[in-house]
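Novice: So that you have it, the file is final_27.txt, and it contains compact mmCIF, C-alpha atoms and all ligand atoms:
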# COMPACT_ATOMS: atom_id res chain seq x y z
CA MET A 1457 29.01 -12.56 9.29
CA SER A 1458 27.30 -9.41 8.00
CA SER A 1459 23.72 -8.84 9.09
CA VAL A 1460 22.55 -8.93 5.46
CA ILE A 1461 23.32 -12.60 4.94
CA ALA A 1462 22.46 -13.73 8.46
CA SER A 1463 19.80 -16.31 9.19
CA THR A 1464 16.80 -15.64 11.39
CA ALA A 1465 14.58 -18.33 12.87
CA ILE A 1466 11.11 -17.47 14.14
CA ARG A 1467 8.80 -19.89 15.93
CA GLY A 1468 5.12 -19.20 16.55
CA ARG A 1469 1.61 -19.24 15.07
CA PHE A 1470 1.76 -18.42 11.37
CA LEU A 1471 -1.10 -17.45 9.08
CA ASP A 1472 -0.97 -16.55 5.39
CA ILE A 1473 -2.82 -17.00 2.10
CA GLN A 1474 -1.14 -19.56 -0.10
CA ASN A 1475 -2.20 -18.52 -3.62
CA THR A 1476 -3.80 -15.65 -5.46
CA VAL A 1477 -7.43 -16.31 -6.36
CA ALA A 1478 -9.96 -15.22 -8.97
CA GLN A 1479 -12.94 -15.08 -6.59
CA ALA A 1480 -13.36 -14.15 -2.94
CA ARG A 1481 -15.03 -17.48 -2.13
CA GLU A 1482 -11.80 -19.30 -3.09
CA ILE A 1483 -9.74 -17.56 -0.41
CA HIS A 1484 -10.92 -19.82 2.41
CA ASP A 1485 -9.27 -22.84 0.74
CA GLN A 1486 -5.99 -20.97 0.47
CA VAL A 1487 -5.66 -20.17 4.16
CA ARG A 1488 -2.48 -21.72 5.59
CA TYR A 1489 -2.09 -21.88 9.36
CA PHE A 1490 0.52 -23.47 11.57
CA GLU A 1491 -0.34 -23.46 15.27
CA ASP A 1492 3.31 -24.13 16.05
CA GLY A 1493 5.34 -23.14 13.01
CA LEU A 1494 8.87 -22.18 12.08
CA LEU A 1495 10.17 -19.71 9.54
CA ILE A 1496 13.86 -19.59 8.66
CA THR A 1497 15.27 -16.73 6.63
CA GLN A 1498 18.57 -16.49 4.83
CA ALA A 1499 19.93 -13.29 3.29
CA GLY A 1500 16.53 -11.61 3.66
CA LYS A 1501 14.53 -14.38 1.99
CA ILE A 1502 12.45 -17.27 3.25
CA GLN A 1503 14.56 -20.41 3.27
CA TRP A 1504 12.28 -22.77 5.18
CA PHE A 1505 8.68 -22.58 6.36
CA GLY A 1506 6.50 -25.22 7.96
CA PRO A 1507 5.59 -26.90 11.23
CA TRP A 1508 8.09 -26.66 14.09
CA SER A 1509 8.03 -30.44 14.53
CA GLU A 1510 9.70 -30.80 11.13
CA GLY A 1511 11.57 -27.53 10.94
CA GLN A 1512 13.52 -27.91 14.16
CA HIS A 1513 15.72 -30.41 12.31
CA HIS A 1514 16.52 -27.81 9.61
CA LEU A 1515 17.81 -25.10 11.92
CA PRO A 1516 21.17 -23.71 10.81
CA ASP A 1517 23.99 -23.96 13.35
CA GLN A 1518 24.27 -21.16 15.88
CA VAL A 1519 20.92 -19.59 15.08
CA ASP A 1520 18.85 -18.45 18.03
CA VAL A 1521 15.17 -19.19 17.69
CA GLN A 1522 12.95 -16.22 18.47
CA HIS A 1523 9.79 -17.69 19.91
CA TYR A 1524 6.44 -15.83 19.88
CA PRO A 1525 4.16 -18.36 21.59
CA ASP A 1526 1.26 -15.99 22.21
CA GLN A 1527 1.22 -13.93 19.03
CA LEU A 1528 0.05 -14.39 15.45
CA ILE A 1529 2.54 -13.91 12.62
CA VAL A 1530 1.29 -12.78 9.21
CA PRO A 1531 3.01 -11.43 6.08
CA GLY A 1532 3.91 -7.72 6.25
CA PHE A 1533 1.06 -5.39 5.36
CA ILE A 1534 1.11 -3.71 1.96
CA ASP A 1535 -0.19 -0.16 1.61
CA THR A 1536 -0.98 0.47 -2.06
CA HIS A 1537 -1.53 4.23 -1.76
CA ILE A 1538 -0.12 6.77 0.69
CA HIS A 1539 1.37 10.31 0.65
CA TYR A 1540 4.35 10.69 2.97
CA PRO A 1541 4.39 14.53 2.89
CA GLN A 1542 0.83 14.55 4.21
CA THR A 1543 1.77 12.74 7.43
CA GLU A 1544 1.62 15.97 9.41
CA MET A 1545 -1.77 17.13 8.07
CA MET A 1546 -3.99 14.17 8.95
CA GLY A 1547 -7.32 15.22 10.38
CA ALA A 1548 -7.65 18.54 8.50
CA TYR A 1549 -11.21 19.72 9.12
CA GLY A 1550 -14.21 20.25 6.99
CA GLU A 1551 -13.50 20.01 3.26
CA GLN A 1552 -14.04 17.59 0.40
CA LEU A 1553 -11.33 16.74 -2.12
CA LEU A 1554 -10.78 19.84 -4.27
CA GLU A 1555 -11.11 22.39 -1.46
CA TRP A 1556 -9.09 20.15 0.87
CA LEU A 1557 -6.23 20.13 -1.66
CA ASP A 1558 -6.20 23.93 -1.96
CA THR A 1559 -6.74 24.68 1.71
CA TYR A 1560 -4.49 22.14 3.41
CA THR A 1561 -2.53 19.91 1.06
CA PHE A 1562 -0.71 22.28 -1.25
CA PRO A 1563 0.55 24.57 1.54
CA THR A 1564 1.85 21.49 3.42
CA GLU A 1565 3.65 20.08 0.39
CA ILE A 1566 5.46 23.38 -0.37
CA GLN A 1567 7.65 22.76 2.69
CA PHE A 1568 9.33 19.77 1.00
CA GLU A 1569 11.43 22.07 -1.11
CA ASP A 1570 13.76 21.97 1.91
CA PRO A 1571 15.72 18.69 1.85
CA ALA A 1572 16.34 18.75 5.61
CA TYR A 1573 12.61 19.02 6.23
CA ALA A 1574 11.91 16.23 3.75
CA GLU A 1575 14.45 13.99 5.50
CA GLN A 1576 12.92 14.64 8.89
CA ILE A 1577 9.40 13.76 7.76
CA ALA A 1578 10.58 10.81 5.62
CA GLN A 1579 12.26 9.30 8.66
CA PHE A 1580 9.16 9.82 10.78
CA PHE A 1581 6.99 8.33 8.02
CA VAL A 1582 9.05 5.16 7.61
CA ASN A 1583 9.05 4.63 11.37
CA GLU A 1584 5.30 5.05 11.42
CA LEU A 1585 4.87 2.44 8.67
CA LEU A 1586 6.99 -0.04 10.64
CA LYS A 1587 5.15 0.73 13.86
CA ASN A 1588 1.97 -0.27 12.04
CA GLY A 1589 3.29 -3.47 10.50
CA THR A 1590 3.44 -2.04 6.98
CA THR A 1591 6.49 -3.33 5.18
CA THR A 1592 5.79 -2.20 1.62
CA ALA A 1593 4.04 0.92 0.35
CA LEU A 1594 3.38 2.73 -2.90
CA VAL A 1595 4.08 6.33 -1.97
CA PHE A 1596 3.44 9.81 -3.33
CA CYS A 1597 6.25 12.27 -2.63
CA THR A 1598 5.96 15.95 -3.66
CA VAL A 1599 6.94 17.70 -6.88
CA HIS A 1600 10.48 18.17 -5.48
CA PRO A 1601 13.05 15.53 -6.51
CA GLN A 1602 14.71 15.98 -3.11
CA SER A 1603 11.53 14.66 -1.47
CA VAL A 1604 12.06 11.37 -3.33
CA ASP A 1605 15.73 11.17 -2.37
CA ALA A 1606 14.77 11.67 1.29
CA LEU A 1607 12.21 8.87 1.25
CA PHE A 1608 14.31 6.27 -0.57
CA LYS A 1609 17.23 7.01 1.77
CA ALA A 1610 15.01 6.48 4.81
CA ALA A 1611 13.63 3.22 3.36
CA GLU A 1612 17.12 1.98 2.51
CA GLN A 1613 18.13 2.14 6.16
CA HIS A 1614 15.70 -0.72 6.79
CA GLN A 1615 16.05 -2.39 3.37
CA MET A 1616 12.32 -1.86 2.85
CA ARG A 1617 10.68 -2.53 -0.48
CA LEU A 1618 9.14 0.84 -1.26
CA ILE A 1619 7.75 2.21 -4.51
CA ALA A 1620 7.69 5.98 -4.82
CA GLY A 1621 7.91 8.87 -7.20
CA LYS A 1622 8.02 12.60 -7.71
CA VAL A 1623 4.67 14.29 -8.31
CA MET A 1624 4.24 15.68 -11.81
CA MET A 1625 1.99 18.73 -11.76
CA ASP A 1626 2.12 21.66 -14.18
CA ARG A 1627 -1.19 23.47 -13.70
CA HIS A 1628 -4.01 24.25 -11.25
CA ALA A 1629 -1.67 24.33 -8.27
CA PRO A 1630 0.48 27.01 -6.59
CA GLU A 1631 3.45 28.17 -8.67
CA ALA A 1632 5.87 26.82 -6.04
CA LEU A 1633 4.50 23.30 -6.53
CA CYS A 1634 4.51 23.23 -10.32
CA ASP A 1635 7.03 21.69 -12.66
CA THR A 1636 6.70 21.83 -16.45
CA ALA A 1637 6.06 19.10 -18.98
CA GLU A 1638 9.78 19.19 -19.78
CA SER A 1639 11.22 19.45 -16.25
CA GLY A 1640 8.74 16.87 -14.92
CA TYR A 1641 9.95 14.44 -17.56
CA ASN A 1642 13.65 15.19 -17.00
CA ASP A 1643 13.47 15.09 -13.20
CA SER A 1644 11.47 11.85 -13.21
CA LYS A 1645 13.86 10.26 -15.66
CA ALA A 1646 16.87 11.20 -13.52
CA LEU A 1647 15.14 9.73 -10.45
CA ILE A 1648 14.35 6.49 -12.31
CA GLU A 1649 18.00 6.18 -13.26
CA LYS A 1650 19.07 6.91 -9.69
CA TRP A 1651 16.62 4.79 -7.72
CA HIS A 1652 14.64 2.23 -9.71
CA GLY A 1653 15.93 -1.25 -8.85
CA LYS A 1654 18.54 0.13 -6.44
CA GLY A 1655 18.34 -2.28 -3.50
CA ARG A 1656 14.63 -2.90 -2.97
CA ASN A 1657 13.56 0.56 -4.21
CA LEU A 1658 11.23 0.86 -7.19
CA TYR A 1659 10.10 3.99 -9.01
CA ALA A 1660 6.60 5.18 -9.89
CA ILE A 1661 5.86 7.85 -12.50
CA THR A 1662 3.45 9.99 -10.49
CA PRO A 1663 1.22 12.52 -12.27
CA ARG A 1664 -0.89 13.82 -9.32
CA PHE A 1665 -4.22 13.51 -11.21
CA ALA A 1666 -5.52 14.59 -14.60
CA PRO A 1667 -6.63 18.10 -13.54
CA THR A 1668 -3.12 19.15 -12.45
CA SER A 1669 -1.33 18.00 -15.61
CA THR A 1670 -1.54 19.56 -19.06
CA PRO A 1671 -2.05 17.21 -22.00
CA GLU A 1672 1.63 17.87 -22.82
CA GLN A 1673 2.71 16.66 -19.38
CA LEU A 1674 0.59 13.51 -19.56
CA ALA A 1675 2.08 12.81 -22.98
CA ARG A 1676 5.61 13.14 -21.54
CA ALA A 1677 4.65 10.85 -18.65
CA GLY A 1678 3.45 8.28 -21.19
CA GLU A 1679 6.70 8.65 -23.13
CA LEU A 1680 8.65 7.92 -19.98
CA LYS A 1681 6.55 4.82 -19.25
CA ALA A 1682 7.23 3.58 -22.79
CA GLU A 1683 10.97 4.11 -22.26
CA TYR A 1684 10.94 2.36 -18.86
CA PRO A 1685 8.15 -0.23 -19.08
CA ASP A 1686 8.97 -1.87 -15.75
CA VAL A 1687 8.53 1.29 -13.66
CA TYR A 1688 5.14 1.97 -12.10
CA VAL A 1689 2.48 4.57 -12.83
CA HIS A 1690 0.71 5.92 -9.74
CA THR A 1691 -2.11 8.45 -9.77
CA HIS A 1692 -5.67 9.21 -8.62
CA LEU A 1693 -8.89 8.33 -10.45
CA SER A 1694 -12.62 8.97 -9.95
CA GLU A 1695 -12.49 9.85 -6.28
CA ASN A 1696 -14.99 12.70 -6.07
CA LYS A 1697 -17.92 13.77 -8.26
CA ASN A 1698 -16.76 17.39 -8.69
CA GLU A 1699 -13.32 16.12 -9.65
CA ILE A 1700 -14.82 13.84 -12.32
CA ALA A 1701 -16.90 16.70 -13.78
CA TRP A 1702 -13.77 18.88 -13.85
CA VAL A 1703 -11.79 16.24 -15.73
CA LYS A 1704 -14.58 15.87 -18.28
CA SER A 1705 -14.55 19.64 -18.86
CA LEU A 1706 -10.75 19.77 -19.16
CA PHE A 1707 -10.48 16.80 -21.54
CA PRO A 1708 -13.71 16.93 -23.61
CA GLU A 1709 -12.19 14.94 -26.44
CA GLN A 1710 -11.59 11.92 -24.16
CA ASN A 1711 -14.25 9.37 -23.35
CA GLY A 1712 -14.29 9.88 -19.56
CA TYR A 1713 -11.71 10.15 -16.76
CA LEU A 1714 -9.82 6.86 -17.15
CA ASP A 1715 -9.69 7.33 -20.92
CA VAL A 1716 -7.47 10.38 -20.32
CA TYR A 1717 -4.81 8.19 -18.69
CA HIS A 1718 -5.38 5.39 -21.19
CA HIS A 1719 -4.99 7.76 -24.12
CA TYR A 1720 -1.56 8.82 -22.89
CA GLY A 1721 -0.30 5.25 -22.35
CA LEU A 1722 -0.59 5.33 -18.56
CA THR A 1723 -2.70 2.20 -17.99
CA GLY A 1724 -1.14 -1.26 -17.58
CA SER A 1725 -0.09 -4.02 -15.24
CA ARG A 1726 2.10 -1.72 -13.15
CA SER A 1727 -0.39 1.16 -13.08
CA VAL A 1728 -2.14 1.80 -9.78
CA PHE A 1729 -5.13 4.12 -9.58
CA ALA A 1730 -6.14 5.35 -6.15
CA HIS A 1731 -9.85 5.40 -5.22
CA CYS A 1732 -11.95 4.53 -8.33
CA VAL A 1733 -15.07 5.13 -6.24
CA HIS A 1734 -17.28 6.20 -9.14
CA LEU A 1735 -16.05 4.20 -12.14
CA GLU A 1736 -18.39 3.77 -15.10
CA ASP A 1737 -18.89 0.37 -16.77
CA ALA A 1738 -16.56 1.13 -19.67
CA GLU A 1739 -13.90 2.18 -17.15
CA TRP A 1740 -14.18 -1.08 -15.23
CA ASP A 1741 -13.74 -2.87 -18.55
CA CYS A 1742 -10.68 -0.79 -19.40
CA MET A 1743 -9.18 -1.46 -15.94
CA HIS A 1744 -9.61 -5.19 -16.56
CA GLN A 1745 -8.39 -5.20 -20.16
CA THR A 1746 -5.25 -3.24 -19.31
CA ASN A 1747 -4.61 -5.25 -16.09
CA SER A 1748 -4.44 -1.98 -14.14
CA ALA A 1749 -4.91 -1.99 -10.35
CA ILE A 1750 -7.01 -0.08 -7.83
CA ALA A 1751 -5.99 1.16 -4.39
CA PHE A 1752 -9.09 1.06 -2.17
CA CYS A 1753 -8.72 3.71 0.54
CA PRO A 1754 -11.70 3.43 2.90
CA THR A 1755 -10.64 5.79 5.70
CA SER A 1756 -9.89 8.50 3.16
CA ASN A 1757 -13.10 7.95 1.18
CA LEU A 1758 -15.12 8.30 4.36
CA PHE A 1759 -13.11 11.24 5.72
CA LEU A 1760 -13.40 13.31 2.52
CA GLY A 1761 -16.98 12.18 1.92
CA SER A 1762 -15.93 10.81 -1.47
CA GLY A 1763 -18.23 7.79 -1.57
CA LEU A 1764 -18.45 4.03 -1.04
CA PHE A 1765 -16.07 1.87 -3.05
CA PRO A 1766 -17.76 -1.28 -4.43
CA LEU A 1767 -15.17 -3.94 -3.55
CA LYS A 1768 -17.44 -6.72 -4.86
CA THR A 1769 -17.20 -5.25 -8.37
CA THR A 1770 -13.44 -5.88 -8.43
CA TRP A 1771 -14.20 -9.62 -8.27
CA GLU A 1772 -17.01 -9.39 -10.82
CA LYS A 1773 -14.91 -7.38 -13.25
CA GLN A 1774 -11.62 -9.14 -12.46
CA VAL A 1775 -9.71 -6.02 -11.53
CA LYS A 1776 -6.72 -6.14 -9.16
CA VAL A 1777 -7.17 -4.27 -5.90
CA GLY A 1778 -5.13 -3.51 -2.79
CA LEU A 1779 -5.77 -1.51 0.37
CA GLY A 1780 -4.45 2.01 0.77
CA THR A 1781 -4.40 4.33 3.76
CA ASP A 1782 -4.11 7.47 1.60
CA ILE A 1783 -2.54 9.42 4.46
CA GLY A 1784 -3.21 12.38 4.99
CA ALA A 1785 -6.79 12.18 3.74
CA GLY A 1786 -6.76 8.76 5.38
CA THR A 1787 -7.17 8.77 9.12
CA SER A 1788 -4.86 5.92 10.14
CA PHE A 1789 -1.53 4.41 9.08
CA ASN A 1790 -2.79 1.10 10.39
CA GLN A 1791 -4.07 -1.65 8.08
CA LEU A 1792 -6.25 -3.17 10.81
CA GLN A 1793 -8.03 0.17 11.10
CA THR A 1794 -8.19 0.38 7.31
CA ILE A 1795 -9.82 -3.06 7.19
CA ASN A 1796 -12.21 -2.01 9.95
CA GLU A 1797 -13.47 0.85 7.77
CA ALA A 1798 -13.37 -1.26 4.59
CA TYR A 1799 -15.73 -3.71 6.27
CA LYS A 1800 -18.18 -0.93 7.13
CA VAL A 1801 -18.02 0.51 3.61
CA GLN A 1802 -19.11 -2.91 2.30
CA GLN A 1803 -21.84 -3.22 4.97
CA LEU A 1804 -23.31 0.10 3.80
CA GLN A 1805 -23.64 -1.46 0.35
CA GLY A 1806 -25.14 -4.73 1.61
CA ASP A 1807 -21.91 -6.69 1.04
CA LYS A 1808 -19.66 -8.63 3.39
CA LEU A 1809 -15.88 -8.50 3.77
CA SER A 1810 -14.62 -11.62 5.57
CA ALA A 1811 -11.52 -11.61 7.76
CA PHE A 1812 -9.64 -13.88 5.35
CA GLU A 1813 -10.56 -11.75 2.34
CA ALA A 1814 -9.37 -8.69 4.25
CA LEU A 1815 -6.10 -10.46 5.09
CA TYR A 1816 -5.74 -11.34 1.40
CA HIS A 1817 -6.15 -7.72 0.29
CA ALA A 1818 -3.69 -6.51 2.94
CA THR A 1819 -1.00 -9.05 1.93
CA LEU A 1820 -0.96 -11.29 -1.17
CA GLY A 1821 -3.71 -9.41 -3.01
CA GLY A 1822 -1.91 -6.13 -2.37
CA ALA A 1823 1.29 -7.71 -3.67
CA LYS A 1824 -0.56 -8.78 -6.81
CA ALA A 1825 -1.95 -5.26 -7.27
CA LEU A 1826 1.67 -4.08 -7.22
CA ASP A 1827 2.81 -6.85 -9.57
CA LEU A 1828 5.03 -8.17 -6.76
CA GLU A 1829 3.26 -11.42 -5.90
CA ASP A 1830 6.35 -13.36 -6.95
CA LYS A 1831 8.35 -11.57 -4.24
CA LEU A 1832 5.92 -10.63 -1.47
CA GLY A 1833 2.61 -11.41 0.17
CA ASN A 1834 3.04 -14.81 1.84
CA PHE A 1835 5.56 -17.24 3.35
CA ASP A 1836 6.44 -19.15 0.18
CA LEU A 1837 10.05 -20.26 -0.05
CA GLY A 1838 12.27 -17.74 -1.81
CA LYS A 1839 10.00 -14.78 -1.10
CA GLU A 1840 11.31 -11.75 0.72
CA ALA A 1841 11.00 -12.20 4.47
CA ASP A 1842 8.74 -9.30 5.49
CA PHE A 1843 6.32 -10.14 8.28
CA VAL A 1844 4.51 -8.79 11.29
CA VAL A 1845 4.03 -10.24 14.74
CA LEU A 1846 0.56 -9.41 15.99
CA ASP A 1847 -0.53 -9.24 19.58
CA LEU A 1848 -4.21 -10.22 19.72
CA LYS A 1849 -4.73 -9.05 23.28
CA ALA A 1850 -3.21 -5.59 23.52
CA THR A 1851 -5.97 -4.28 25.79
CA ALA A 1852 -8.20 -5.76 28.50
CA LEU A 1853 -11.20 -5.34 26.20
CA GLN A 1854 -9.45 -7.18 23.36
CA ALA A 1855 -8.43 -9.96 25.77
CA LEU A 1856 -12.04 -10.37 26.87
CA ARG A 1857 -13.23 -10.57 23.26
CA GLN A 1858 -10.43 -12.95 22.20
CA GLN A 1859 -11.24 -15.35 25.03
CA ARG A 1860 -14.64 -15.77 23.45
CA ALA A 1861 -13.40 -16.17 19.88
CA LYS A 1862 -15.10 -19.13 18.23
CA ASN A 1863 -12.26 -19.99 15.88
CA LEU A 1864 -9.28 -18.47 14.05
CA GLU A 1865 -11.44 -16.53 11.60
CA ASP A 1866 -13.48 -15.00 14.41
CA ALA A 1867 -10.31 -14.13 16.34
CA LEU A 1868 -8.86 -12.46 13.24
CA PHE A 1869 -12.05 -10.55 12.55
CA ALA A 1870 -12.17 -9.22 16.11
CA LEU A 1871 -8.52 -8.20 15.83
CA MET A 1872 -9.23 -6.35 12.60
CA LEU A 1873 -12.27 -4.53 13.92
CA MET A 1874 -10.78 -3.59 17.30
CA GLY A 1875 -7.08 -3.43 16.51
CA ASP A 1876 -4.58 -0.68 15.79
CA ASP A 1877 -0.88 0.04 16.31
CA ARG A 1878 -1.09 -1.30 19.87
CA ASN A 1879 -1.47 -4.76 18.32
CA ILE A 1880 1.78 -4.57 16.36
CA HIS A 1881 4.26 -6.42 18.56
CA ALA A 1882 7.15 -6.52 16.05
CA THR A 1883 7.82 -5.89 12.37
CA TYR A 1884 10.45 -7.77 10.36
CA VAL A 1885 11.85 -6.45 7.10
CA PHE A 1886 14.04 -8.58 4.85
CA GLY A 1887 14.57 -11.06 7.66
CA GLN A 1888 15.60 -8.48 10.23
CA CYS A 1889 13.61 -7.11 13.13
CA ALA A 1890 12.96 -3.45 12.22
CA TYR A 1891 10.54 -2.56 15.01
CA VAL A 1892 9.61 -3.91 18.42
CA LYS A 1893 6.86 -2.42 20.51
CA ALA A 1894 8.28 -0.75 23.59
N1 LIG B 1901 -6.26 13.76 -5.76
C1 LIG B 1901 -5.23 14.54 -6.18
N2 LIG B 1901 -4.35 14.74 -5.19
C2 LIG B 1901 -4.82 14.08 -4.12
C3 LIG B 1901 -4.32 13.91 -2.80
O1 LIG B 1901 -3.28 14.40 -2.40
N3 LIG B 1901 -5.10 13.14 -1.97
C4 LIG B 1901 -6.26 12.56 -2.38
N4 LIG B 1901 -6.96 11.84 -1.52
N5 LIG B 1901 -6.74 12.73 -3.61
C5 LIG B 1901 -6.02 13.47 -4.48
ZN ZN B 1902 -3.99 10.01 -2.54
In structure tokens, what does this structure look like?
Ligand code: GUN
Ligand code: ZN
Specialist:
Amino acid sequence: MSSVIASTAIRGRFLDIQNTVAQAREIHDQVRYFEDGLLITQAGKIQWFGPWSEGQHHLPDQVDVQHYPDQLIVPGFIDTHIHYPQTEMMGAYGEQLLEWLDTYTFPTEIQFEDPAYAEQIAQFFVNELLKNGTTTALVFCTVHPQSVDALFKAAEQHQMRLIAGKVMMDRHAPEALCDTAESGYNDSKALIEKWHGKGRNLYAITPRFAPTSTPEQLARAGELKAEYPDVYVHTHLSENKNEIAWVKSLFPEQNGYLDVYHHYGLTGSRSVFAHCVHLEDAEWDCMHQTNSAIAFCPTSNLFLGSGLFPLKTTWEKQVKVGLGTDIGAGTSFNQLQTINEAYKVQQLQGDKLSAFEALYHATLGGAKALDLEDKLGNFDLGKEADFVVLDLKATALQALRQQRAKNLEDALFALMLMGDDRNIHATYVFGQCAYVKA
């Protein structure tokens, strides 16, 4: 029997969020927890899920049950915004967005012209995702088509569901990192034809951000989206105040930053805008009306001093949101660490982020932001079997804290605030174990 169609049976404590919700307060009622549960996968998808007492009678013949009695199993984490070529430049000192791009980011990305280099970093990057329990990500590559090939090939080795695209950038960047309106369109189109829907890979049209694309390039990006409506659009929006002022000066005829993207047909249900820290009212309305999504990237927003993202407003305005690490402005690949910082960003604004809401954003909510909630995000039958086995007591300090946990929610909150890659015991992708902690 080939490994692709094999069954896997996992026994342990399972936790997920059963349905998408319209308000944060509804999440509590959607929490599903089996103290002693069983998950059976078949051909990468969830075939059976429920309590062990029932499920043990549904076990296929000759399937070994992998038992995790001490861990907590949750759906795979979803990272809605990350740059794989920036893996090596995390922790670059001292600058805010625009200077950081010029000083550190562009010189790093130039190296991805070399396919061998791109392959090496892509491999490292995918391993790092798995090591952190992240099973799906929406990823920026560089301007070079070969950087996209390298990433999709690395993801294919694990049958990961990854969304990625070539950066489109035809001004305000070094010559070696620029395409043209025409070549950006042609190269992106060729990559869509090559990769979109191949296995679990999906393509994202990826204009870096409004300042690095001419109006002609944004128009060509919009043309491409109209030709391929089911591909994604992935870009940055309203991250930094100097950036916003620059966009307004470059596009005076548009009614603000988001209106630039909207004007060129780049908003919509598969459009994901990273950051959105400083959106104006009309922009929140446009995000809602177009069913566009936000990637909230707390470690990056704090690291670059960009500002405090108002998560509560996403509920008020009914705008989809997921969590992003935004490596390499972000300071951790890990979604527990990302939640830790997301919590503090809300505290600084007088708001609370509960453990279950955080779990929602990292799993089913993230899937919804990526328009993939029919395939990912929880343990519903028929969904793709991506999940992570969490160790709650990876250190003596964590063990001490967990012994005093009042209930599941408290235990989860402590894990989120104190946890990191040491807490990732194993990561399963499409029913197969893709990573086990050494
Ligand atoms: N805006 C345009 N490019 C980038 C990037 O690479 N990282 C971040 N954080 N913001 C951007
Ligand atoms: Zn980014």
Novice: Mind listing the residues within 8 Å of ligand LIG 1901 (chain B), only C-alpha atoms and all ligand atoms counted, as a list in words?
Specialist: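 After applying the 8 Å limit, what remains is His1539, Gln1542, Leu1553, Leu1554, Leu1557, Thr1561, Arg1664, Phe1665, Thr1691, His1692, Leu1693, Glu1695, Ala1730, His1731, Ser1756, Asn1757, Leu1760, Asp1782, Ile1783, Gly1784, Ala1785 and Gly1786 of chain A.
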Novice: Leaving out Phe1789 in chain A and any residue of its chain fewer than 2 positions from it, which residues lie within 7 Å of it when counting all atoms listed in the file, given as number ranges by chain?
Specialist: A: 1585, 1588, 1781, 1783, 1791
Novice: Counting all atoms listed in the file, which residue out of A:Ala1620, A:Cys1889, A:Ala1480, A:Ile1700 sits closest to Lys1808 in chain A?
Specialist: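 With all atoms listed in the file as the atom set, the closest residue is A:Ala1480.
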Novice: Work out how far CA of Ala1462 in chain A is from CA of Trp1504 in chain A, in Å to one decimal.
Specialist: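 Result for CA of Trp1504 in chain A versus CA of Ala1462 in chain A: 14.0 Å, one decimal.
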Novice: Quick one: pull the distance between CA of His1734 in chain A and CA of Thr1746 in chain A, Å, one decimal.
Specialist: 18.4 Å
Novice: Residues near Gly1838 in chain A, anyone? I mean within 7 Å using only C-alpha atoms, not counting same-chain ones fewer than 3 positions away, as a VMD selection string.
Specialist: chain A and resid 1501 to 1503
Novice: CA of Thr1851 in chain A and CA of Tyr1799 in chain A, how far apart in Å?
Specialist: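 If I compute the distance from CA of Tyr1799 in chain A to CA of Thr1851 in chain A, I get 21.8 Å.
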Novice: Check the smallest atom-to-atom distance from each of A:Leu1647, A:Leu1764, A:Ala1823, A:Val1885 to Gln1802 in chain A using all atoms listed in the file, then report the winner.
Specialist: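 Smallest distance to Gln1802 in chain A is found for A:Leu1764.
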Novice: Tell me which protein, DNA and RNA residues are within 6 Å of Ile1750 in chain A, counting all atoms listed in the file, leaving out same-chain ones fewer than 4 positions away, and put them as a PyMOL selection string.
Specialist: chain A and resi 1728-1730+1777
Novice: Restricting the calculation to all atoms listed in the file: of A:Gly1887, A:Gly1761, A:Gly1875, A:Pro1516, which residue gets closest to Asn1790 in chain A?
Specialist: A:Gly1875
Novice: For Gly1589 in chain A, find every residue with an atom within 8 Å (counting only C-alpha atoms), except residues of its own chain fewer than 3 positions away, and show them as a VMD selection string.
Specialist: chain A and resid 1532 to 1533 1585 to 1586 1790 to 1791 1843 to 1844 1877 1880 1882 to 1883
Novice: Using only C-alpha atoms, which residue out of A:Asn1642, A:Tyr1884, A:Ser1810, A:Val1716 lies closest to Lys1704 in chain A?
Specialist: A:Val1716
Novice: Using only C-alpha atoms for the distances, tell me which of A:Tyr1684, A:Ala1666, A:Trp1508, A:Thr1592 is nearest to Glu1649 in chain A.
Specialist: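 Residue with the minimum atom-to-atom distance to Glu1649 in chain A: A:Tyr1684.
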Novice: Go through A:Glu1551, A:Glu1584, A:Asp1626, A:Asp1876 and flag the residue nearest Thr1794 in chain A, using all atoms listed in the file for the distances.
Specialist: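 Result for the nearest residue to Thr1794 in chain A: A:Asp1876.
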Novice: Can you list, as a short mmCIF file (atom, residue, chain, number, x, y, z; two decimals) with C-alpha atoms, in the frame of the given file, every protein, DNA or RNA residue that comes within 12 Å of Leu1706 in chain A when you count all atoms listed in the file, leaving out same-chain residues fewer than 5 positions away?
Specialist:
data_model
loop_
_atom_site.label_atom_id
_atom_site.label_comp_id
_atom_site.auth_asym_id
_atom_site.auth_seq_id
_atom_site.Cartn_x
_atom_site.Cartn_y
_atom_site.Cartn_z
CA ARG A 1627 -1.19 23.47 -13.70
CA HIS A 1628 -4.01 24.25 -11.25
CA ALA A 1666 -5.52 14.59 -14.60
CA PRO A 1667 -6.63 18.10 -13.54
CA THR A 1668 -3.12 19.15 -12.45
CA SER A 1669 -1.33 18.00 -15.61
CA THR A 1670 -1.54 19.56 -19.06
CA PRO A 1671 -2.05 17.21 -22.00
CA GLU A 1699 -13.32 16.12 -9.65
CA ILE A 1700 -14.82 13.84 -12.32
CA ALA A 1701 -16.90 16.70 -13.78
CA ASN A 1711 -14.25 9.37 -23.35
CA GLY A 1712 -14.29 9.88 -19.56
CA TYR A 1713 -11.71 10.15 -16.76
CA VAL A 1716 -7.47 10.38 -20.32
#
